[in-house]
$ cat model_4.csv   # CSV, C-alpha atoms and all ligand atoms
chain,number,residue,atom,x,y,z
A,172,MET,CA,25.4,-24.9,3.5
A,173,SER,CA,22.1,-24.0,2.0
A,174,ILE,CA,19.3,-22.8,4.3
A,175,SER,CA,16.0,-24.5,3.7
A,176,PHE,CA,12.5,-23.8,4.8
A,177,ALA,CA,11.2,-27.1,3.6
A,178,GLY,CA,8.5,-28.4,5.9
A,179,LYS,CA,7.9,-25.0,7.4
A,180,VAL,CA,4.8,-22.9,7.4
A,181,ALA,CA,5.4,-19.2,7.3
A,182,ILE,CA,3.1,-16.2,7.7
A,183,VAL,CA,4.2,-12.8,6.3
A,184,THR,CA,2.0,-9.9,7.1
A,185,GLY,CA,1.7,-7.1,4.6
A,186,ALA,CA,3.2,-9.3,2.0
A,187,GLY,CA,1.2,-7.9,-0.9
A,188,GLY,CA,4.0,-5.7,-2.0
A,189,GLY,CA,7.4,-4.2,-1.0
A,190,LEU,CA,9.5,-6.0,1.5
A,191,GLY,CA,6.9,-8.5,2.5
A,192,ARG,CA,6.4,-9.7,-1.0
A,193,ALA,CA,10.2,-10.2,-1.4
A,194,TYR,CA,10.3,-12.3,1.9
A,195,ALA,CA,7.3,-14.4,0.8
A,196,LEU,CA,8.7,-15.2,-2.6
A,197,GLU,CA,12.1,-16.3,-1.2
A,198,LEU,CA,10.5,-18.3,1.7
A,199,ALA,CA,8.4,-20.2,-0.9
A,200,ARG,CA,11.4,-20.6,-3.2
A,201,ARG,CA,13.2,-22.2,-0.2
A,202,GLY,CA,10.4,-24.7,0.4
A,203,ALA,CA,8.1,-22.9,2.9
A,204,LYS,CA,4.3,-23.0,2.6
A,205,VAL,CA,3.5,-19.3,2.9
A,206,VAL,CA,0.4,-17.4,4.1
A,207,VAL,CA,0.6,-14.1,2.2
A,208,ASN,CA,-1.4,-11.7,4.4
A,209,ASP,CA,-2.3,-8.2,3.2
A,210,LEU,CA,-5.4,-6.3,3.1
A,211,GLY,CA,-4.1,-4.3,0.2
A,212,ALA,CA,-4.3,-0.9,1.8
A,213,ALA,CA,-2.9,2.4,0.4
A,214,ARG,CA,0.3,3.7,2.1
A,215,ASP,CA,-1.8,5.6,4.7
A,216,GLY,CA,-3.8,2.5,5.6
A,217,SER,CA,-6.9,3.4,3.7
A,218,GLY,CA,-8.7,1.1,1.2
A,219,ALA,CA,-8.2,-2.5,0.3
A,220,SER,CA,-7.2,-4.6,-2.8
A,221,ASP,CA,-6.3,-8.1,-3.9
A,222,ALA,CA,-2.5,-7.5,-3.5
A,223,ALA,CA,-2.1,-10.7,-1.5
A,224,ALA,CA,-3.8,-12.9,-4.2
A,225,LEU,CA,-1.4,-11.5,-6.8
A,226,VAL,CA,1.6,-12.5,-4.8
A,227,VAL,CA,0.1,-16.0,-4.2
A,228,GLU,CA,-0.3,-16.3,-8.0
A,229,GLU,CA,3.4,-15.4,-8.5
A,230,ILE,CA,4.5,-18.0,-5.9
A,231,ARG,CA,2.3,-20.7,-7.4
A,232,SER,CA,3.4,-20.0,-11.0
A,233,ALA,CA,7.0,-20.4,-9.7
A,234,GLY,CA,6.0,-23.8,-8.3
A,235,GLY,CA,5.6,-22.8,-4.7
A,236,GLU,CA,2.7,-23.2,-2.2
A,237,ALA,CA,0.9,-20.2,-0.8
A,238,ILE,CA,-2.5,-19.0,0.3
A,239,ALA,CA,-3.8,-15.5,0.4
A,240,ASP,CA,-5.2,-13.9,3.5
A,241,GLY,CA,-6.8,-10.5,3.2
A,242,SER,CA,-7.4,-9.8,6.8
A,243,SER,CA,-6.1,-6.8,8.8
A,244,VAL,CA,-3.5,-7.2,11.5
A,245,THR,CA,-5.4,-4.7,13.6
A,246,GLU,CA,-8.2,-7.3,14.2
A,247,PHE,CA,-7.2,-10.0,16.6
A,248,GLU,CA,-10.0,-12.3,15.7
A,249,GLN,CA,-9.0,-12.1,12.0
A,250,MET,CA,-5.4,-13.0,13.0
A,251,GLN,CA,-6.7,-16.0,15.0
A,252,ALA,CA,-8.8,-17.2,12.0
A,253,MET,CA,-5.8,-16.8,9.7
A,254,VAL,CA,-3.6,-18.9,12.0
A,255,ALA,CA,-6.4,-21.5,12.5
A,256,LYS,CA,-6.7,-21.9,8.7
A,257,ALA,CA,-2.9,-22.3,8.3
A,258,LYS,CA,-3.0,-25.0,11.0
A,259,ALA,CA,-6.0,-26.8,9.5
A,260,ASP,CA,-4.4,-26.7,6.0
A,261,TRP,CA,-0.8,-27.3,6.8
A,262,GLY,CA,-0.5,-28.5,10.4
A,263,GLY,CA,1.0,-25.5,12.2
A,264,VAL,CA,2.9,-22.2,11.8
A,265,HIS,CA,6.6,-22.1,12.3
A,266,VAL,CA,7.6,-18.6,11.1
A,267,LEU,CA,5.9,-15.3,11.5
A,268,ILE,CA,7.3,-12.1,9.9
A,269,ASN,CA,5.4,-9.1,11.2
A,270,ASN,CA,5.9,-6.7,8.3
A,271,ALA,CA,2.5,-4.9,7.7
A,272,GLY,CA,2.7,-1.2,8.1
A,273,ILE,CA,1.4,2.2,7.1
A,274,LEU,CA,2.6,5.8,7.3
A,275,ARG,CA,0.9,9.0,8.5
A,276,ASP,CA,3.9,11.3,8.6
A,277,LYS,CA,3.5,14.8,10.0
A,278,SER,CA,5.5,16.9,12.5
A,279,PHE,CA,4.2,16.4,16.0
A,280,THR,CA,2.7,19.9,16.0
A,281,LYS,CA,0.5,19.0,13.0
A,282,MET,CA,-0.2,15.4,14.0
A,283,ASP,CA,-3.8,14.6,14.9
A,284,PRO,CA,-4.1,12.1,17.8
A,285,SER,CA,-6.0,9.8,15.4
A,286,ASP,CA,-2.9,9.6,13.1
A,287,PHE,CA,-0.9,8.7,16.2
A,288,ASP,CA,-3.3,6.0,17.3
A,289,LEU,CA,-3.8,4.4,13.9
A,290,VAL,CA,0.0,4.0,13.2
A,291,VAL,CA,0.5,2.5,16.6
A,292,LYS,CA,-2.5,0.2,16.1
A,293,VAL,CA,-1.2,-1.2,12.8
A,294,HIS,CA,2.5,-1.6,13.6
A,295,LEU,CA,2.6,-2.3,17.3
A,296,SER,CA,-0.8,-3.7,18.2
A,297,GLY,CA,-1.0,-5.4,14.8
A,298,SER,CA,2.3,-7.2,15.4
A,299,ALA,CA,1.2,-8.1,18.9
A,300,ASN,CA,-2.1,-9.5,17.5
A,301,ALA,CA,-0.5,-11.7,14.9
A,302,THR,CA,2.1,-12.9,17.4
A,303,LYS,CA,-0.4,-13.6,20.1
A,304,ALA,CA,-2.4,-15.7,17.5
A,305,VAL,CA,0.6,-18.0,16.9
A,306,TRP,CA,2.2,-17.9,20.3
A,307,ASP,CA,0.6,-20.8,22.1
A,308,MET,CA,0.9,-23.0,19.1
A,309,MET,CA,4.6,-22.2,18.8
A,310,ARG,CA,5.2,-23.0,22.4
A,311,GLU,CA,3.3,-26.3,22.2
A,312,GLN,CA,5.1,-27.4,19.1
A,313,ASN,CA,8.4,-26.3,20.7
A,314,TYR,CA,9.4,-24.3,17.6
A,315,GLY,CA,8.8,-20.7,16.5
A,316,ARG,CA,10.7,-18.0,14.7
A,317,ILE,CA,9.2,-14.5,14.9
A,318,LEU,CA,10.5,-11.3,13.3
A,319,MET,CA,9.4,-7.8,14.2
A,320,THR,CA,9.9,-5.0,11.8
A,321,ALA,CA,11.3,-1.9,13.4
A,322,SER,CA,12.9,1.1,11.6
A,323,SER,CA,15.7,3.6,12.0
A,324,THR,CA,13.0,6.0,13.1
A,325,GLY,CA,12.2,3.7,16.1
A,326,LEU,CA,15.8,3.1,17.0
A,327,PHE,CA,17.2,6.5,16.4
A,328,GLY,CA,14.4,9.0,15.5
A,329,ASN,CA,13.4,10.8,12.3
A,330,PHE,CA,11.7,14.2,11.9
A,331,GLY,CA,8.0,13.9,11.2
A,332,GLN,CA,7.5,10.3,12.3
A,333,ALA,CA,6.7,10.5,16.1
A,334,ASN,CA,3.8,8.1,15.7
A,335,TYR,CA,5.8,5.6,13.6
A,336,GLY,CA,8.9,5.9,15.8
A,337,ALA,CA,6.9,5.2,19.0
A,338,ALA,CA,5.4,2.1,17.4
A,339,LYS,CA,8.7,0.9,15.9
A,340,LEU,CA,10.7,1.2,19.1
A,341,GLY,CA,7.8,-0.5,20.8
A,342,LEU,CA,8.3,-3.5,18.6
A,343,ALA,CA,12.0,-3.7,19.6
A,344,GLY,CA,10.7,-3.7,23.2
A,345,LEU,CA,8.2,-6.4,22.4
A,346,THR,CA,11.0,-8.5,21.0
A,347,LYS,CA,13.0,-8.0,24.2
A,348,THR,CA,10.4,-9.5,26.5
A,349,LEU,CA,9.1,-12.2,24.1
A,350,TYR,CA,12.5,-13.6,23.5
A,351,LEU,CA,12.8,-14.2,27.2
A,352,GLU,CA,9.3,-15.8,27.4
A,353,GLY,CA,9.9,-17.9,24.3
A,354,ALA,CA,13.4,-19.2,25.1
A,355,LYS,CA,12.3,-22.3,27.0
A,356,TYR,CA,10.1,-23.3,24.0
A,357,ASN,CA,12.6,-22.8,21.2
A,358,VAL,CA,10.7,-19.7,20.1
A,359,ARG,CA,13.2,-17.1,18.9
A,360,VAL,CA,12.3,-13.5,18.4
A,361,ASN,CA,14.3,-10.8,16.6
A,362,THR,CA,13.9,-7.2,15.3
A,363,LEU,CA,14.8,-6.0,11.8
A,364,ALA,CA,15.3,-2.4,10.8
A,365,PRO,CA,15.2,-2.4,7.0
A,366,VAL,CA,16.0,0.3,4.5
A,367,ALA,CA,14.4,-0.4,1.1
A,368,ALA,CA,13.1,1.3,-2.0
A,369,THR,CA,9.4,0.6,-1.8
A,370,ARG,CA,6.3,2.8,-2.1
A,371,MET,CA,6.9,3.7,1.6
A,372,THR,CA,10.1,5.4,0.7
A,373,ALA,CA,9.4,6.4,-2.9
A,374,ASP,CA,9.2,10.1,-2.1
A,375,ILE,CA,12.1,10.1,0.4
A,376,PHE,CA,15.0,8.6,-1.5
A,377,PRO,CA,16.6,10.5,-4.4
A,378,GLU,CA,16.3,8.4,-7.6
A,379,GLU,CA,19.9,7.1,-7.6
A,380,ALA,CA,19.6,5.9,-4.0
A,381,PHE,CA,16.3,4.3,-4.8
A,382,LYS,CA,18.1,2.0,-7.3
A,383,LEU,CA,20.6,0.9,-4.7
A,384,PHE,CA,18.0,-0.1,-2.1
A,385,GLY,CA,16.2,-3.0,-3.8
A,386,SER,CA,14.1,-5.1,-1.3
A,387,GLU,CA,16.1,-8.2,-2.4
A,388,ASN,CA,19.0,-6.8,-0.3
A,389,VAL,CA,17.0,-7.1,2.9
A,390,VAL,CA,15.8,-10.6,2.3
A,391,PRO,CA,19.0,-12.4,3.5
A,392,ALA,CA,18.9,-10.7,6.9
A,393,ALA,CA,15.1,-11.3,7.3
A,394,LEU,CA,15.3,-15.0,6.3
A,395,TYR,CA,18.3,-15.7,8.4
A,396,LEU,CA,16.6,-14.2,11.5
A,397,VAL,CA,13.7,-16.7,11.0
A,398,SER,CA,15.8,-19.7,10.1
A,399,ASP,CA,16.5,-22.8,12.2
A,400,ASP,CA,19.8,-21.3,13.4
A,401,ALA,CA,18.5,-17.8,14.0
A,402,PRO,CA,19.8,-15.9,17.0
A,403,SER,CA,17.3,-14.5,19.5
A,404,ASN,CA,17.0,-10.9,20.7
A,405,ALA,CA,19.0,-9.5,17.9
A,406,ILE,CA,18.4,-6.1,16.3
A,407,VAL,CA,19.6,-6.0,12.8
A,408,GLY,CA,19.8,-3.3,10.2
A,409,ALA,CA,19.8,-4.1,6.5
A,410,GLY,CA,19.7,-2.1,3.3
A,411,ALA,CA,21.4,-1.8,-0.1
A,412,GLY,CA,23.7,-4.8,0.7
A,413,ALA,CA,24.9,-3.3,4.0
A,414,TYR,CA,24.2,-5.1,7.3
A,415,HIS,CA,24.7,-4.2,10.9
A,416,SER,CA,23.6,-4.9,14.4
A,417,ALA,CA,22.1,-2.4,16.9
A,418,PHE,CA,22.1,-2.6,20.6
A,419,VAL,CA,20.4,-1.2,23.7
A,420,THR,CA,23.2,-0.5,26.0
A,421,MET,CA,23.9,0.9,29.5
A,422,ASN,CA,27.0,2.2,31.1
A,423,PRO,CA,28.3,1.1,34.5
A,424,PRO,CA,26.2,2.8,37.1
A,425,VAL,CA,27.8,5.7,39.0
A,426,ILE,CA,27.2,5.7,42.7
A,427,LEU,CA,26.8,9.1,44.2
A,428,ALA,CA,27.7,9.8,47.8
A,429,GLN,CA,24.7,10.4,50.0
A,430,GLU,CA,25.4,14.2,50.1
A,431,ASP,CA,25.5,14.3,46.2
A,432,ARG,CA,22.0,12.7,45.8
A,433,THR,CA,20.6,16.1,45.0
A,434,VAL,CA,19.6,17.7,41.7
A,435,GLU,CA,22.8,19.8,41.9
A,436,GLY,CA,24.9,16.7,42.7
A,437,PHE,CA,23.4,14.9,39.8
A,438,ALA,CA,24.1,17.9,37.5
A,439,ALA,CA,27.7,18.0,38.8
A,440,ASN,CA,28.2,14.3,37.9
A,441,TRP,CA,26.3,14.3,34.6
A,442,ALA,CA,29.6,13.9,32.5
A,443,ARG,CA,30.4,10.7,34.4
A,444,ILE,CA,26.8,9.4,34.3
A,445,SER,CA,26.6,9.9,30.6
A,446,ASP,CA,30.1,8.6,29.9
A,447,ARG,CA,29.9,5.5,27.7
A,448,THR,CA,33.2,3.9,28.8
A,449,GLY,CA,32.4,0.3,29.8
A,450,ASP,CA,29.0,0.2,28.0
A,451,PHE,CA,27.4,-3.3,28.0
A,452,VAL,CA,24.2,-4.9,26.6
A,453,PRO,CA,21.9,-6.1,29.4
A,454,GLN,CA,20.1,-9.3,28.3
A,455,SER,CA,17.1,-8.6,30.5
A,456,GLY,CA,15.7,-5.9,32.7
A,457,THR,CA,16.9,-7.7,35.8
A,458,GLU,CA,20.5,-7.2,34.6
A,459,GLN,CA,20.0,-3.5,35.1
A,460,SER,CA,19.1,-4.1,38.8
A,461,HIS,CA,22.0,-6.5,39.2
A,462,ALA,CA,24.4,-3.9,37.8
A,463,ILE,CA,23.1,-1.3,40.2
A,464,LEU,CA,23.4,-3.7,43.2
A,465,ALA,CA,26.9,-4.8,42.2
A,466,ALA,CA,28.0,-1.1,41.9
A,467,MET,CA,26.4,-0.3,45.3
A,468,GLN,CA,28.2,-3.3,46.9
A,469,ALA,CA,31.5,-2.4,45.3
A,470,ALA,CA,31.1,1.2,46.5
A,471,MET,CA,30.3,0.0,50.1
A,472,LYS,CA,33.4,-2.2,50.1
A,473,GLY,CA,35.6,0.5,48.7
A,501,LIG,P1,4.8,-1.3,1.7
A,501,LIG,O1,3.8,-0.2,1.9
A,501,LIG,O2,5.1,-1.7,0.4
A,501,LIG,O3,4.3,-2.6,2.5
A,501,LIG,C1,3.4,-2.6,3.6
A,501,LIG,C2,2.3,-3.5,3.4
A,501,LIG,O4,1.5,-3.6,4.6
A,501,LIG,C3,1.4,-3.0,2.3
A,501,LIG,O5,1.3,-4.0,1.2
A,501,LIG,C4,0.0,-2.8,3.0
A,501,LIG,O6,-1.1,-3.1,2.2
A,501,LIG,C5,0.1,-3.7,4.1
A,501,LIG,N1,-0.8,-3.4,5.2
A,501,LIG,C6,-1.0,-2.1,5.7
A,501,LIG,N2,-1.9,-2.2,6.7
A,501,LIG,C7,-2.2,-3.5,6.9
A,501,LIG,C8,-3.1,-4.2,7.8
A,501,LIG,N3,-3.8,-3.5,8.7
A,501,LIG,N4,-3.1,-5.5,7.7
A,501,LIG,C9,-2.4,-6.2,6.8
A,501,LIG,N5,-1.6,-5.6,5.9
A,501,LIG,C10,-1.5,-4.2,6.0
A,501,LIG,O7,6.1,-0.8,2.5
A,501,LIG,P2,7.4,-1.6,2.9
A,501,LIG,O8,8.5,-0.6,2.7
A,501,LIG,O9,7.6,-2.9,2.1
A,501,LIG,O10,7.3,-1.8,4.4
A,501,LIG,C11,7.3,-3.1,5.1
A,501,LIG,C12,7.7,-2.9,6.5
A,501,LIG,O11,9.0,-2.4,6.6
A,501,LIG,C13,6.8,-1.9,7.2
A,501,LIG,O12,6.5,-2.3,8.6
A,501,LIG,C14,7.6,-0.6,7.3
A,501,LIG,O13,7.3,0.2,8.3
A,501,LIG,C15,9.0,-1.3,7.4
A,501,LIG,N6,10.1,-0.4,7.1
A,501,LIG,C16,10.3,-0.1,5.8
A,501,LIG,C17,11.4,0.7,5.5
A,501,LIG,C18,11.8,1.0,4.1
A,501,LIG,O14,12.9,1.7,3.9
A,501,LIG,N7,11.0,0.6,3.1
A,501,LIG,C19,12.3,1.4,6.5
A,501,LIG,C20,11.9,0.9,7.8
A,501,LIG,C21,10.9,0.1,8.1

$ encode --input "model_4.csv" --output "structure tokens" --more "lines below"
Ligand code: NAI
Amino acid sequence: MSISFAGKVAIVTGAGGGLGRAYALELARRGAKVVVNDLGAARDGSGASDAAALVVEEIRSAGGEAIADGSSVTEFEQMQAMVAKAKADWGGVHVLINNAGILRDKSFTKMDPSDFDLVVKVHLSGSANATKAVWDMMREQNYGRILMTASSTGLFGNFGQANYGAAKLGLAGLTKTLYLEGAKYNVRVNTLAPVAATRMTADIFPEEAFKLFGSENVVPAALYLVSDDAPSNAIVGAGAGAYHSAFVTMNPPVILAQEDRTVEGFAANWARISDRTGDFVPQSGTEQSHAILAAMQAAMKG
């Protein structure tokens, strides 16, 4: 069964190159009208270029429909204007892929607070801005598919990327609340942790690995996660033709006897408290409270 985006309007932020360009080209090939957003910045977020317009030309010359948008995800009003234009031209927005990003890598010791702020601003606040700009429309039209772009750094950590990791796990957190708020309105929200050979990773991968990690290998996961039959609240990793899921889990709560609720009692029970046997994936924050209450009730009965 082929998966079509005919009749859909999609916005891809940061689509002037790398992964975003690959998503935009394939969405258009599958029938979507695509807003190619990109201010055309350098890897560290400085400067601007006509990167978005070049991708739009590529899409048009392949017979697709696209418009370029050179605004910055950091500016909410610009995101609102971008969405308003898509609505005026094409009637609505059905898909949003939050992909724009920059890097300001440094060990935390050497990191200037301004490098922390800017990276959080582009990735986390930028994704929130674009999402907020489409959110009410998606609710009203009872259809929305939103993808947040996280990273292995956010989910698992990487040396030298404290700013980036904080922003990227923040995006997984944003997904986890928005999927709940969107559920009633057929708005589905997912998180992708890609690995791809782009300018972002050009000096990290050895040359051989760089060849394996073409952006085209990430496209199937990204497009499935914004398709009609997409799941919601998934965290998916994709790179080099390998795909996996990731989960935020908790283990069954351990109830300490009243006399053990001391620092020493906690220390003595640390092996049990950190034992992963029986791990499960709460679907909302309240499930944590319910698990605690259920464990307390069971302990009181026992
Ligand atoms: P890239 O640098 O080729 O693409 C990022 C794009 O975002 C650039 O075209 C840039 O001009 C644009 N951009 C930057 N600031 C912007 C702003 N304020 N407003 C609008 N556009 C802006 O890098 P790549 O690798 O394609 O990255 C895409 C996304 O995937 C990023 O969010 C990145 O953090 C994420 N990612 C990439 C990984 C990889 O292995 N390449 C690994 C994990 C995450």

$ atom_distance --input "model_4.csv" --atom1 "CA of Asp286 (chain A)" --atom2 "CA of Gly344 (chain A)"
21.5 Å

$ residues_around --input "model_4.csv" --residues "region 180-185 of chain A" --least-positions-apart "2" --cutoff "8 Å" --atoms "all atoms listed in the file" --output "number ranges by chain"
A: 178, 187-188, 191-192, 194-195, 198, 203-211, 244, 257, 261, 263-272

$ closest_residue --input "model_4.csv" --among "A:Asp374, A:Glu311, A:Glu236, A:Glu352" --to "ligand LIG 501 (chain A)" --atoms "all atoms listed in the file"
A:Asp374

$ atom_distance --input "model_4.csv" --atom1 "CA of Ile238 (chain A)" --atom2 "CA of Gly216 (chain A)"
22.2 Å

$ closest_residue --input "model_4.csv" --among "A:Ala364, A:Ala259, A:Met250, A:Ile317" --to "ligand LIG 501 (chain A)" --atoms "all atoms listed in the file"
A:Ala364

$ atom_distance --input "model_4.csv" --atom1 "CA of Ala224 (chain A)" --atom2 "CA of Gly241 (chain A)"
8.3 Å

$ closest_residue --input "model_4.csv" --among "A:Asp431, A:Glu458, A:Glu387, A:Asp400" --to "Gly189 (chain A)" --atoms "all atoms listed in the file"
A:Glu387

$ closest_residue --input "model_4.csv" --among "A:Val407, A:Ala301, A:Ala333, A:Met371" --to "ligand LIG 501 (chain A)" --atoms "all atoms listed in the file"
A:Met371

$ closest_residue --input "model_4.csv" --among "A:Ala237, A:Ala462, A:Ala411, A:Val226" --to "Val425 (chain A)" --atoms "all atoms listed in the file"
A:Ala462

$ closest_residue --input "model_4.csv" --among "A:Ala193, A:Gln251, A:Phe437, A:Ser243" --to "Ala393 (chain A)" --atoms "all atoms listed in the file"
A:Ala193

$ build_atoms --input "model_4.csv" --residues "region 189-198 of chain A" --atoms "all heavy atoms" --output "tab-separated table (two decimals), in the frame of the given file"
chain	number	residue	atom	x	y	z
A	189	GLY	N	6.20	-4.63	-1.76
A	189	GLY	CA	7.40	-4.20	-1.00
A	189	GLY	C	8.21	-5.31	-0.42
A	189	GLY	O	8.41	-6.38	-1.03
A	190	LEU	N	8.67	-5.08	0.78
A	190	LEU	CA	9.50	-6.00	1.50
A	190	LEU	C	8.85	-7.37	1.74
A	190	LEU	O	9.43	-8.44	1.57
A	190	LEU	CB	10.03	-5.43	2.79
A	190	LEU	CG	11.10	-4.34	2.64
A	190	LEU	CD1	11.22	-3.53	3.93
A	190	LEU	CD2	12.45	-4.97	2.29
A	191	GLY	N	7.58	-7.29	2.18
A	191	GLY	CA	6.90	-8.50	2.50
A	191	GLY	C	6.75	-9.47	1.37
A	191	GLY	O	6.91	-10.68	1.51
A	192	ARG	N	6.48	-8.92	0.20
A	192	ARG	CA	6.40	-9.70	-1.00
A	192	ARG	C	7.74	-10.43	-1.26
A	192	ARG	O	7.79	-11.63	-1.58
A	192	ARG	CB	6.00	-8.87	-2.20
A	192	ARG	CG	6.12	-9.56	-3.54
A	192	ARG	CD	5.71	-8.63	-4.68
A	192	ARG	NE	6.15	-9.17	-5.96
A	192	ARG	CZ	7.35	-8.94	-6.50
A	192	ARG	NH1	8.23	-8.17	-5.87
A	192	ARG	NH2	7.68	-9.49	-7.65
A	193	ALA	N	8.82	-9.68	-1.12
A	193	ALA	CA	10.20	-10.20	-1.40
A	193	ALA	C	10.45	-11.37	-0.37
A	193	ALA	O	11.00	-12.42	-0.74
A	193	ALA	CB	11.22	-9.14	-1.25
A	194	TYR	N	10.06	-11.20	0.88
A	194	TYR	CA	10.30	-12.30	1.90
A	194	TYR	C	9.44	-13.51	1.49
A	194	TYR	O	9.91	-14.64	1.56
A	194	TYR	CB	9.81	-11.86	3.29
A	194	TYR	CG	10.42	-10.60	3.86
A	194	TYR	CD1	9.70	-9.84	4.79
A	194	TYR	CD2	11.69	-10.17	3.52
A	194	TYR	CE1	10.23	-8.68	5.36
A	194	TYR	CE2	12.23	-8.99	4.08
A	194	TYR	CZ	11.48	-8.27	5.00
A	194	TYR	OH	12.00	-7.13	5.55
A	195	ALA	N	8.17	-13.26	1.14
A	195	ALA	CA	7.30	-14.40	0.80
A	195	ALA	C	7.77	-15.19	-0.36
A	195	ALA	O	7.78	-16.42	-0.33
A	195	ALA	CB	5.85	-13.85	0.57
A	196	LEU	N	8.21	-14.49	-1.40
A	196	LEU	CA	8.70	-15.20	-2.60
A	196	LEU	C	9.91	-16.06	-2.26
A	196	LEU	O	10.02	-17.21	-2.69
A	196	LEU	CB	9.09	-14.17	-3.69
A	196	LEU	CG	7.94	-13.40	-4.36
A	196	LEU	CD1	8.49	-12.32	-5.28
A	196	LEU	CD2	7.03	-14.33	-5.14
A	197	GLU	N	10.83	-15.52	-1.47
A	197	GLU	CA	12.10	-16.30	-1.20
A	197	GLU	C	11.79	-17.42	-0.18
A	197	GLU	O	12.37	-18.50	-0.30
A	197	GLU	CB	13.14	-15.32	-0.63
A	197	GLU	CG	14.50	-15.94	-0.44
A	197	GLU	CD	15.16	-16.46	-1.74
A	197	GLU	OE1	14.72	-16.08	-2.84
A	197	GLU	OE2	16.12	-17.26	-1.63
A	198	LEU	N	10.89	-17.19	0.78
A	198	LEU	CA	10.50	-18.30	1.70
A	198	LEU	C	9.93	-19.45	0.89
A	198	LEU	O	10.27	-20.61	1.11
A	198	LEU	CB	9.50	-17.80	2.73
A	198	LEU	CG	10.07	-16.99	3.89
A	198	LEU	CD1	8.94	-16.24	4.63
A	198	LEU	CD2	10.82	-17.89	4.89
